[in-house]
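Engineer: If it helps, the file is called structure-v9.tsv and holds TSV, N, CA and C atoms:
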```
chain	number	residue	atom	x	y	z
I	719	MET	N	-9.12	136.07	-227.19
I	719	MET	CA	-10.27	136.69	-227.82
I	719	MET	C	-11.43	135.71	-227.82
I	720	ASP	N	-12.60	136.18	-227.44
I	720	ASP	CA	-13.80	135.37	-227.40
I	720	ASP	C	-14.23	134.97	-228.81
I	721	ALA	N	-14.64	133.72	-229.02
I	721	ALA	CA	-15.02	133.22	-230.35
I	721	ALA	C	-16.18	134.00	-230.95
I	722	THR	N	-17.04	134.56	-230.11
I	722	THR	CA	-18.18	135.30	-230.64
I	722	THR	C	-17.82	136.70	-231.10
I	723	SER	N	-16.60	137.14	-230.80
I	723	SER	CA	-16.21	138.49	-231.19
I	723	SER	C	-15.39	138.51	-232.48
I	724	ARG	N	-14.96	137.36	-232.95
I	724	ARG	CA	-14.20	137.29	-234.20
I	724	ARG	C	-15.11	137.55	-235.38
I	725	HIS	N	-14.60	138.24	-236.38
I	725	HIS	CA	-15.39	138.52	-237.57
I	725	HIS	C	-15.30	137.36	-238.56
I	726	ILE	N	-16.33	137.22	-239.36
I	726	ILE	CA	-16.40	136.16	-240.36
I	726	ILE	C	-16.49	136.80	-241.73
I	727	ARG	N	-15.63	136.38	-242.64
I	727	ARG	CA	-15.67	136.88	-244.02
I	727	ARG	C	-16.52	135.93	-244.84
I	728	VAL	N	-17.47	136.49	-245.58
I	728	VAL	CA	-18.35	135.71	-246.45
I	728	VAL	C	-17.90	135.97	-247.88
I	729	ASP	N	-17.25	134.99	-248.50
I	729	ASP	CA	-16.76	135.14	-249.86
I	729	ASP	C	-17.90	135.02	-250.86
I	730	ALA	N	-17.73	135.63	-252.00
I	730	ALA	CA	-18.73	135.58	-253.06
I	730	ALA	C	-18.92	134.14	-253.54
I	731	ALA	N	-20.12	133.85	-254.01
I	731	ALA	CA	-20.45	132.51	-254.48
I	731	ALA	C	-20.13	132.33	-255.96
I	732	ARG	N	-19.54	133.34	-256.59
I	732	ARG	CA	-19.18	133.30	-258.01
I	732	ARG	C	-20.38	133.28	-258.93
I	733	ALA	N	-21.48	133.79	-258.46
I	733	ALA	CA	-22.69	133.86	-259.28
I	733	ALA	C	-23.48	135.10	-258.88
I	734	GLY	N	-24.26	135.59	-259.79
I	734	GLY	CA	-25.09	136.74	-259.48
I	734	GLY	C	-24.33	138.04	-259.52
I	735	ARG	N	-24.95	139.06	-258.98
I	735	ARG	CA	-24.38	140.41	-258.97
I	735	ARG	C	-23.25	140.51	-257.95
I	736	PRO	N	-22.13	141.14	-258.31
I	736	PRO	CA	-21.04	141.29	-257.35
I	736	PRO	C	-21.45	142.15	-256.16
I	737	SER	N	-20.90	141.86	-255.01
I	737	SER	CA	-21.18	142.63	-253.82
I	737	SER	C	-20.58	144.03	-253.94
I	738	SER	N	-21.31	145.01	-253.45
I	738	SER	CA	-20.82	146.39	-253.52
I	738	SER	C	-20.20	146.83	-252.21
I	739	GLY	N	-20.29	146.03	-251.18
I	739	GLY	CA	-19.77	146.43	-249.88
I	739	GLY	C	-18.90	145.37	-249.24
I	740	ASP	N	-18.40	145.70	-248.08
I	740	ASP	CA	-17.58	144.79	-247.30
I	740	ASP	C	-18.43	143.60	-246.87
I	741	ARG	N	-17.88	142.41	-246.95
I	741	ARG	CA	-18.63	141.21	-246.59
I	741	ARG	C	-18.00	140.53	-245.39
I	742	THR	N	-17.68	141.33	-244.38
I	742	THR	CA	-17.14	140.82	-243.13
I	742	THR	C	-18.15	141.13	-242.04
I	743	TYR	N	-18.53	140.10	-241.28
I	743	TYR	CA	-19.61	140.24	-240.32
I	743	TYR	C	-19.21	139.68	-238.96
I	744	ARG	N	-19.87	140.17	-237.92
I	744	ARG	CA	-19.74	139.57	-236.59
I	744	ARG	C	-20.50	138.23	-236.65
I	745	PRO	N	-20.10	137.26	-235.84
I	745	PRO	CA	-20.78	135.95	-235.88
I	745	PRO	C	-22.27	136.02	-235.59
I	746	ASP	N	-22.72	136.99	-234.80
I	746	ASP	CA	-24.13	137.09	-234.46
I	746	ASP	C	-24.90	138.03	-235.39
I	747	GLU	N	-24.22	138.61	-236.36
I	747	GLU	CA	-24.86	139.54	-237.28
I	747	GLU	C	-25.68	138.79	-238.33
I	748	LEU	N	-26.86	139.29	-238.63
I	748	LEU	CA	-27.72	138.64	-239.62
I	748	LEU	C	-27.29	139.05	-241.02
I	749	VAL	N	-27.30	138.09	-241.93
I	749	VAL	CA	-26.94	138.30	-243.32
I	749	VAL	C	-28.13	137.91	-244.18
I	750	ARG	N	-28.53	138.80	-245.07
I	750	ARG	CA	-29.66	138.50	-245.94
I	750	ARG	C	-29.20	137.65	-247.11
I	751	VAL	N	-29.91	136.56	-247.36
I	751	VAL	CA	-29.62	135.65	-248.46
I	751	VAL	C	-30.94	135.39	-249.20
I	752	GLU	N	-30.94	135.60	-250.49
I	752	GLU	CA	-32.14	135.32	-251.27
I	752	GLU	C	-31.94	134.00	-252.00
I	753	ILE	N	-32.92	133.11	-251.87
I	753	ILE	CA	-32.84	131.82	-252.57
I	753	ILE	C	-34.17	131.54	-253.26
I	754	ARG	N	-34.11	130.75	-254.29
I	754	ARG	CA	-35.31	130.27	-254.96
I	754	ARG	C	-35.36	128.76	-254.75
I	755	MET	N	-36.57	128.26	-254.51
I	755	MET	CA	-36.73	126.83	-254.25
I	755	MET	C	-38.03	126.35	-254.86
I	756	PRO	N	-38.13	125.05	-255.08
I	756	PRO	CA	-39.38	124.50	-255.59
I	756	PRO	C	-40.53	124.78	-254.62
I	757	ALA	N	-41.72	124.95	-255.17
I	757	ALA	CA	-42.90	125.25	-254.34
I	757	ALA	C	-43.13	124.18	-253.28
I	758	SER	N	-42.84	122.93	-253.61
I	758	SER	CA	-43.05	121.86	-252.63
I	758	SER	C	-42.13	122.02	-251.42
I	759	VAL	N	-40.91	122.47	-251.65
I	759	VAL	CA	-39.96	122.71	-250.55
I	759	VAL	C	-40.42	123.91	-249.73
I	760	ALA	N	-40.86	124.97	-250.42
I	760	ALA	CA	-41.34	126.17	-249.73
I	760	ALA	C	-42.56	125.84	-248.87
I	761	ALA	N	-43.46	125.02	-249.39
I	761	ALA	CA	-44.66	124.65	-248.63
I	761	ALA	C	-44.28	123.93	-247.35
I	762	ASP	N	-43.32	123.02	-247.44
I	762	ASP	CA	-42.86	122.29	-246.25
I	762	ASP	C	-42.19	123.25	-245.27
I	763	LEU	N	-41.38	124.16	-245.77
I	763	LEU	CA	-40.71	125.14	-244.92
I	763	LEU	C	-41.72	126.00	-244.17
I	764	PHE	N	-42.71	126.54	-244.89
I	764	PHE	CA	-43.72	127.39	-244.26
I	764	PHE	C	-44.55	126.61	-243.25
I	765	SER	N	-44.84	125.36	-243.55
I	765	SER	CA	-45.59	124.51	-242.63
I	765	SER	C	-44.80	124.27	-241.34
I	766	ARG	N	-43.52	123.98	-241.50
I	766	ARG	CA	-42.66	123.77	-240.31
I	766	ARG	C	-42.58	125.03	-239.47
I	767	ALA	N	-42.44	126.18	-240.12
I	767	ALA	CA	-42.37	127.45	-239.39
I	767	ALA	C	-43.66	127.71	-238.63
I	768	ARG	N	-44.78	127.47	-239.28
I	768	ARG	CA	-46.08	127.67	-238.64
I	768	ARG	C	-46.23	126.74	-237.43
I	769	ASP	N	-45.88	125.46	-237.61
I	769	ASP	CA	-45.99	124.49	-236.51
I	769	ASP	C	-45.08	124.85	-235.34
I	770	ALA	N	-43.92	125.45	-235.63
I	770	ALA	CA	-42.95	125.81	-234.59
I	770	ALA	C	-43.23	127.21	-234.02
I	771	HIS	N	-44.20	127.92	-234.58
I	771	HIS	CA	-44.53	129.28	-234.15
I	771	HIS	C	-43.30	130.19	-234.18
I	772	GLN	N	-42.58	130.11	-235.30
I	772	GLN	CA	-41.40	130.96	-235.47
I	772	GLN	C	-41.35	131.47	-236.90
I	773	PRO	N	-40.57	132.53	-237.15
I	773	PRO	CA	-40.48	133.08	-238.50
I	773	PRO	C	-39.89	132.07	-239.50
I	774	VAL	N	-40.30	132.20	-240.74
I	774	VAL	CA	-39.80	131.33	-241.80
I	774	VAL	C	-38.27	131.47	-241.91
I	775	SER	N	-37.76	132.69	-241.80
I	775	SER	CA	-36.31	132.88	-241.93
I	775	SER	C	-35.55	132.14	-240.84
I	776	ARG	N	-36.08	132.14	-239.62
I	776	ARG	CA	-35.40	131.41	-238.53
I	776	ARG	C	-35.48	129.91	-238.76
I	777	THR	N	-36.64	129.43	-239.19
I	777	THR	CA	-36.81	128.01	-239.48
I	777	THR	C	-35.85	127.58	-240.58
I	778	ALA	N	-35.77	128.37	-241.65
I	778	ALA	CA	-34.88	128.05	-242.76
I	778	ALA	C	-33.42	128.06	-242.30
I	779	SER	N	-33.05	129.05	-241.49
I	779	SER	CA	-31.68	129.14	-240.99
I	779	SER	C	-31.33	127.93	-240.13
I	780	ASP	N	-32.25	127.55	-239.23
I	780	ASP	CA	-32.01	126.38	-238.38
I	780	ASP	C	-31.86	125.10	-239.20
I	781	LEU	N	-32.74	124.91	-240.18
I	781	LEU	CA	-32.68	123.71	-241.02
I	781	LEU	C	-31.41	123.68	-241.86
I	782	LEU	N	-31.03	124.82	-242.41
I	782	LEU	CA	-29.81	124.88	-243.22
I	782	LEU	C	-28.57	124.65	-242.37
I	783	ALA	N	-28.52	125.22	-241.17
I	783	ALA	CA	-27.38	125.00	-240.28
I	783	ALA	C	-27.25	123.52	-239.93
I	784	LYS	N	-28.38	122.86	-239.65
I	784	LYS	CA	-28.34	121.42	-239.35
I	784	LYS	C	-27.87	120.62	-240.56
I	785	ALA	N	-28.38	120.96	-241.74
I	785	ALA	CA	-27.97	120.24	-242.95
I	785	ALA	C	-26.48	120.42	-243.22
I	786	LEU	N	-25.96	121.62	-243.02
I	786	LEU	CA	-24.53	121.86	-243.23
I	786	LEU	C	-23.69	121.10	-242.22
I	787	ASP	N	-24.14	121.07	-240.96
I	787	ASP	CA	-23.43	120.28	-239.94
I	787	ASP	C	-23.45	118.80	-240.30
I	788	ASP	N	-24.61	118.31	-240.75
I	788	ASP	CA	-24.72	116.90	-241.14
I	788	ASP	C	-23.79	116.59	-242.32
I	789	ALA	N	-23.71	117.52	-243.27
I	789	ALA	CA	-22.85	117.30	-244.44
I	789	ALA	C	-21.37	117.29	-244.05
I	790	ARG	N	-21.03	118.02	-243.01
I	790	ARG	CA	-19.63	118.04	-242.52
I	790	ARG	C	-19.34	116.84	-241.62
I	791	GLY	N	-20.37	116.10	-241.25
I	791	GLY	CA	-20.17	114.97	-240.37
I	791	GLY	C	-20.19	115.38	-238.92
I	792	ASP	N	-20.73	116.58	-238.62
I	792	ASP	CA	-20.77	117.08	-237.25
I	792	ASP	C	-22.03	116.65	-236.50
I	793	ALA	N	-22.89	115.89	-237.15
I	793	ALA	CA	-24.15	115.51	-236.51
I	793	ALA	C	-23.90	114.59	-235.32
I	794	MET	N	-24.69	114.76	-234.29
I	794	MET	CA	-24.59	113.88	-233.13
I	794	MET	C	-25.17	112.52	-233.51
I	795	ALA	N	-24.46	111.48	-233.22
I	795	ALA	CA	-24.94	110.13	-233.56
I	795	ALA	C	-25.78	109.56	-232.47
```
Could you rewrite the structure in this file as structure tokens?

Structural biologist:
Amino acid sequence: MDATSRHIRVDAARAGRPSSGDRTYRPDELVRVEIRMPASVAADLFSRARDAHQPVSRTASDLLAKALDDARGDAMA
């Protein structure tokens, strides 16, 4: 089975409103996540998105994916 065809289960974060639906997604499926952040972080995020000529959501997703990889020790040295 191709790795891109396997489904991914997104477990609840134990906070907020409980999910009303199935939380199993294809790896390429977009998942909406709402977050709150300090204005200074948001300003930097919007600036980076503008400089990269890409949507804020894509910029945030790319930055978060890199940060998670770095936290796991997956960063290229």

Engineer: Enter the distance from CA of Thr742 (chain I) to CA of Ile726 (chain I), in Å, rounded to one decimal.

Structural biologist: 5.5 Å

Engineer: As a PDB file with N, CA and C atoms, keeping the file's coordinate frame, which residues of region 747-793 of chain I does DSSP assign to alpha helix (DSSP H)?

Structural biologist:
```pdb
ATOM      1  N   ALA I 757     -41.720 124.950-255.170  1.00  0.00           N
ATOM      2  CA  ALA I 757     -42.900 125.250-254.340  1.00  0.00           C
ATOM      3  C   ALA I 757     -43.130 124.180-253.280  1.00  0.00           C
ATOM      4  N   SER I 758     -42.840 122.930-253.610  1.00  0.00           N
ATOM      5  CA  SER I 758     -43.050 121.860-252.630  1.00  0.00           C
ATOM      6  C   SER I 758     -42.130 122.020-251.420  1.00  0.00           C
ATOM      7  N   VAL I 759     -40.910 122.470-251.650  1.00  0.00           N
ATOM      8  CA  VAL I 759     -39.960 122.710-250.550  1.00  0.00           C
ATOM      9  C   VAL I 759     -40.420 123.910-249.730  1.00  0.00           C
ATOM     10  N   ALA I 760     -40.860 124.970-250.420  1.00  0.00           N
ATOM     11  CA  ALA I 760     -41.340 126.170-249.730  1.00  0.00           C
ATOM     12  C   ALA I 760     -42.560 125.840-248.870  1.00  0.00           C
ATOM     13  N   ALA I 761     -43.460 125.020-249.390  1.00  0.00           N
ATOM     14  CA  ALA I 761     -44.660 124.650-248.630  1.00  0.00           C
ATOM     15  C   ALA I 761     -44.280 123.930-247.350  1.00  0.00           C
ATOM     16  N   ASP I 762     -43.320 123.020-247.440  1.00  0.00           N
ATOM     17  CA  ASP I 762     -42.860 122.290-246.250  1.00  0.00           C
ATOM     18  C   ASP I 762     -42.190 123.250-245.270  1.00  0.00           C
ATOM     19  N   LEU I 763     -41.380 124.160-245.770  1.00  0.00           N
ATOM     20  CA  LEU I 763     -40.710 125.140-244.920  1.00  0.00           C
ATOM     21  C   LEU I 763     -41.720 126.000-244.170  1.00  0.00           C
ATOM     22  N   PHE I 764     -42.710 126.540-244.890  1.00  0.00           N
ATOM     23  CA  PHE I 764     -43.720 127.390-244.260  1.00  0.00           C
ATOM     24  C   PHE I 764     -44.550 126.610-243.250  1.00  0.00           C
ATOM     25  N   SER I 765     -44.840 125.360-243.550  1.00  0.00           N
ATOM     26  CA  SER I 765     -45.590 124.510-242.630  1.00  0.00           C
ATOM     27  C   SER I 765     -44.800 124.270-241.340  1.00  0.00           C
ATOM     28  N   ARG I 766     -43.520 123.980-241.500  1.00  0.00           N
ATOM     29  CA  ARG I 766     -42.660 123.770-240.310  1.00  0.00           C
ATOM     30  C   ARG I 766     -42.580 125.030-239.470  1.00  0.00           C
ATOM     31  N   ALA I 767     -42.440 126.180-240.120  1.00  0.00           N
ATOM     32  CA  ALA I 767     -42.370 127.450-239.390  1.00  0.00           C
ATOM     33  C   ALA I 767     -43.660 127.710-238.630  1.00  0.00           C
ATOM     34  N   ARG I 768     -44.780 127.470-239.280  1.00  0.00           N
ATOM     35  CA  ARG I 768     -46.080 127.670-238.640  1.00  0.00           C
ATOM     36  C   ARG I 768     -46.230 126.740-237.430  1.00  0.00           C
ATOM     37  N   ASP I 769     -45.880 125.460-237.610  1.00  0.00           N
ATOM     38  CA  ASP I 769     -45.990 124.490-236.510  1.00  0.00           C
ATOM     39  C   ASP I 769     -45.080 124.850-235.340  1.00  0.00           C
ATOM     40  N   ALA I 770     -43.920 125.450-235.630  1.00  0.00           N
ATOM     41  CA  ALA I 770     -42.950 125.810-234.590  1.00  0.00           C
ATOM     42  C   ALA I 770     -43.230 127.210-234.020  1.00  0.00           C
ATOM     43  N   VAL I 774     -40.300 132.200-240.740  1.00  0.00           N
ATOM     44  CA  VAL I 774     -39.800 131.330-241.800  1.00  0.00           C
ATOM     45  C   VAL I 774     -38.270 131.470-241.910  1.00  0.00           C
ATOM     46  N   SER I 775     -37.760 132.690-241.800  1.00  0.00           N
ATOM     47  CA  SER I 775     -36.310 132.880-241.930  1.00  0.00           C
ATOM     48  C   SER I 775     -35.550 132.140-240.840  1.00  0.00           C
ATOM     49  N   ARG I 776     -36.080 132.140-239.620  1.00  0.00           N
ATOM     50  CA  ARG I 776     -35.400 131.410-238.530  1.00  0.00           C
ATOM     51  C   ARG I 776     -35.480 129.910-238.760  1.00  0.00           C
ATOM     52  N   THR I 777     -36.640 129.430-239.190  1.00  0.00           N
ATOM     53  CA  THR I 777     -36.810 128.010-239.480  1.00  0.00           C
ATOM     54  C   THR I 777     -35.850 127.580-240.580  1.00  0.00           C
ATOM     55  N   ALA I 778     -35.770 128.370-241.650  1.00  0.00           N
ATOM     56  CA  ALA I 778     -34.880 128.050-242.760  1.00  0.00           C
ATOM     57  C   ALA I 778     -33.420 128.060-242.300  1.00  0.00           C
ATOM     58  N   SER I 779     -33.050 129.050-241.490  1.00  0.00           N
ATOM     59  CA  SER I 779     -31.680 129.140-240.990  1.00  0.00           C
ATOM     60  C   SER I 779     -31.330 127.930-240.130  1.00  0.00           C
ATOM     61  N   ASP I 780     -32.250 127.550-239.230  1.00  0.00           N
ATOM     62  CA  ASP I 780     -32.010 126.380-238.380  1.00  0.00           C
ATOM     63  C   ASP I 780     -31.860 125.100-239.200  1.00  0.00           C
ATOM     64  N   LEU I 781     -32.740 124.910-240.180  1.00  0.00           N
ATOM     65  CA  LEU I 781     -32.680 123.710-241.020  1.00  0.00           C
ATOM     66  C   LEU I 781     -31.410 123.680-241.860  1.00  0.00           C
ATOM     67  N   LEU I 782     -31.030 124.820-242.410  1.00  0.00           N
ATOM     68  CA  LEU I 782     -29.810 124.880-243.220  1.00  0.00           C
ATOM     69  C   LEU I 782     -28.570 124.650-242.370  1.00  0.00           C
ATOM     70  N   ALA I 783     -28.520 125.220-241.170  1.00  0.00           N
ATOM     71  CA  ALA I 783     -27.380 125.000-240.280  1.00  0.00           C
ATOM     72  C   ALA I 783     -27.250 123.520-239.930  1.00  0.00           C
ATOM     73  N   LYS I 784     -28.380 122.860-239.650  1.00  0.00           N
ATOM     74  CA  LYS I 784     -28.340 121.420-239.350  1.00  0.00           C
ATOM     75  C   LYS I 784     -27.870 120.620-240.560  1.00  0.00           C
ATOM     76  N   ALA I 785     -28.380 120.960-241.740  1.00  0.00           N
ATOM     77  CA  ALA I 785     -27.970 120.240-242.950  1.00  0.00           C
ATOM     78  C   ALA I 785     -26.480 120.420-243.220  1.00  0.00           C
ATOM     79  N   LEU I 786     -25.960 121.620-243.020  1.00  0.00           N
ATOM     80  CA  LEU I 786     -24.530 121.860-243.230  1.00  0.00           C
ATOM     81  C   LEU I 786     -23.690 121.100-242.220  1.00  0.00           C
ATOM     82  N   ASP I 787     -24.140 121.070-240.960  1.00  0.00           N
ATOM     83  CA  ASP I 787     -23.430 120.280-239.940  1.00  0.00           C
ATOM     84  C   ASP I 787     -23.450 118.800-240.300  1.00  0.00           C
ATOM     85  N   ASP I 788     -24.610 118.310-240.750  1.00  0.00           N
ATOM     86  CA  ASP I 788     -24.720 116.900-241.140  1.00  0.00           C
ATOM     87  C   ASP I 788     -23.790 116.590-242.320  1.00  0.00           C
ATOM     88  N   ALA I 789     -23.710 117.520-243.270  1.00  0.00           N
ATOM     89  CA  ALA I 789     -22.850 117.300-244.440  1.00  0.00           C
ATOM     90  C   ALA I 789     -21.370 117.290-244.050  1.00  0.00           C
ATOM     91  N   ARG I 790     -21.030 118.020-243.010  1.00  0.00           N
ATOM     92  CA  ARG I 790     -19.630 118.040-242.520  1.00  0.00           C
ATOM     93  C   ARG I 790     -19.340 116.840-241.620  1.00  0.00           C
TER      94      ARG I 790
END
```

Engineer: Please indicate the distance in Å from CA of Asp780 (chain I) to CA of Tyr743 (chain I), rounded to one decimal place.

Structural biologist: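 About the pair CA of Asp780 (chain I) and CA of Tyr743 (chain I): they are 18.7 Å apart.
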
Engineer: Mind giving me the straight-line distance from CA of Ala778 (chain I) to CA of Pro745 (chain I) in Å, one decimal?

Structural biologist: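 Computed distance, CA of Ala778 (chain I) to CA of Pro745 (chain I), equals 17.6 Å.
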
Engineer: I need the residues in chain I that are strand (DSSP E or B) according to DSSP; give them as number ranges by chain.

Structural biologist: I: 726-727, 742-743

Engineer: Report as AutoDock Vina command-line options the centre and the edge lengths, in Å to one decimal, of the axis-aligned box holding every listed atom of region 767-780 of chain I, padded by 5 Å on each side.

Structural biologist:
```
--center_x -38.8 --center_y 128.8 --center_z -238.4 --size_x 24.9 --size_y 18.6 --size_z 18.7
```

Engineer: Give me the residues near Thr777 (chain I) as number ranges by chain, where near means some atom within 7 Å (using only N, CA and C atoms) and where sequence neighbours in that chain fewer than 4 positions away do not count.

Structural biologist: I: 763, 766-767, 772-773, 781-782

Engineer: With C-alpha atoms retained, output chain I as a short mmCIF file (atom, residue, chain, number, x, y, z; two decimals), in the first residue's frame.

Structural biologist:
```
data_model
loop_
_atom_site.label_atom_id
_atom_site.label_comp_id
_atom_site.auth_asym_id
_atom_site.auth_seq_id
_atom_site.Cartn_x
_atom_site.Cartn_y
_atom_site.Cartn_z
CA MET I 719 0.00 0.00 0.00
CA ASP I 720 1.29 3.44 -0.95
CA ALA I 721 2.15 5.66 2.06
CA THR I 722 0.04 8.49 0.66
CA SER I 723 -3.08 6.33 0.62
CA ARG I 724 -3.04 5.36 4.30
CA HIS I 725 -5.47 7.22 6.51
CA ILE I 726 -4.35 9.24 9.53
CA ARG I 727 -6.36 9.41 12.74
CA VAL I 728 -6.26 12.77 14.53
CA ASP I 729 -6.96 12.23 18.23
CA ALA I 730 -8.62 14.90 20.33
CA ALA I 731 -6.35 17.32 22.17
CA ARG I 732 -8.37 16.93 25.40
CA ALA I 733 -9.45 20.55 25.31
CA GLY I 734 -12.25 22.52 23.77
CA ARG I 735 -15.45 21.22 22.24
CA PRO I 736 -15.57 17.48 21.47
CA SER I 737 -15.50 16.51 17.81
CA SER I 738 -18.86 15.59 16.34
CA GLY I 739 -17.51 13.61 13.40
CA ASP I 740 -14.98 11.06 12.32
CA ARG I 741 -11.41 12.35 12.64
CA THR I 742 -9.72 10.06 10.14
CA TYR I 743 -8.20 11.76 7.12
CA ARG I 744 -6.19 10.99 4.00
CA PRO I 745 -2.59 12.26 4.33
CA ASP I 746 -3.20 14.94 1.68
CA GLU I 747 -6.55 16.06 3.11
CA LEU I 748 -6.66 19.53 4.67
CA VAL I 749 -7.70 19.80 8.31
CA ARG I 750 -8.94 23.08 9.76
CA VAL I 751 -7.24 24.08 13.02
CA GLU I 752 -8.04 27.28 14.89
CA ILE I 753 -5.31 28.75 17.06
CA ARG I 754 -4.82 31.94 19.01
CA MET I 755 -1.40 33.56 19.16
CA PRO I 756 0.19 36.77 20.39
CA ALA I 757 -0.13 39.69 17.98
CA SER I 758 3.65 39.84 17.60
CA VAL I 759 3.72 36.22 16.36
CA ALA I 760 0.79 36.87 14.01
CA ALA I 761 2.52 39.95 12.59
CA ASP I 762 5.64 37.91 11.84
CA LEU I 763 3.56 35.13 10.28
CA PHE I 764 1.64 37.53 8.03
CA SER I 765 4.88 39.26 7.04
CA ARG I 766 6.50 35.95 6.09
CA ALA I 767 3.44 34.94 4.07
CA ARG I 768 3.42 38.27 2.24
CA ASP I 769 7.16 38.04 1.48
CA ALA I 770 6.73 34.45 0.20
CA HIS I 771 3.64 35.38 -1.87
CA GLN I 772 1.67 32.52 -0.36
CA PRO I 773 -1.41 32.16 1.86
CA VAL I 774 -1.00 32.61 5.61
CA SER I 775 -2.40 29.11 6.21
CA ARG I 776 0.26 27.54 3.97
CA THR I 777 3.02 29.58 5.59
CA ALA I 778 1.81 28.60 9.06
CA SER I 779 1.54 24.93 8.05
CA ASP I 780 5.07 24.92 6.59
CA LEU I 781 6.54 26.61 9.68
CA LEU I 782 4.70 24.30 12.07
CA ALA I 783 5.76 21.19 10.13
CA LYS I 784 9.40 22.33 10.28
CA ALA I 785 9.15 23.09 14.00
CA LEU I 786 7.63 19.66 14.70
CA ASP I 787 10.36 17.95 12.65
CA ASP I 788 13.01 19.94 14.53
CA ALA I 789 11.45 18.98 17.87
CA ARG I 790 11.56 15.30 16.85
CA GLY I 791 15.20 15.65 15.85
CA ASP I 792 14.40 15.12 12.16
CA ALA I 793 16.04 18.36 11.06
CA MET I 794 18.81 18.10 8.50
CA ALA I 795 22.11 19.05 10.10
#
```
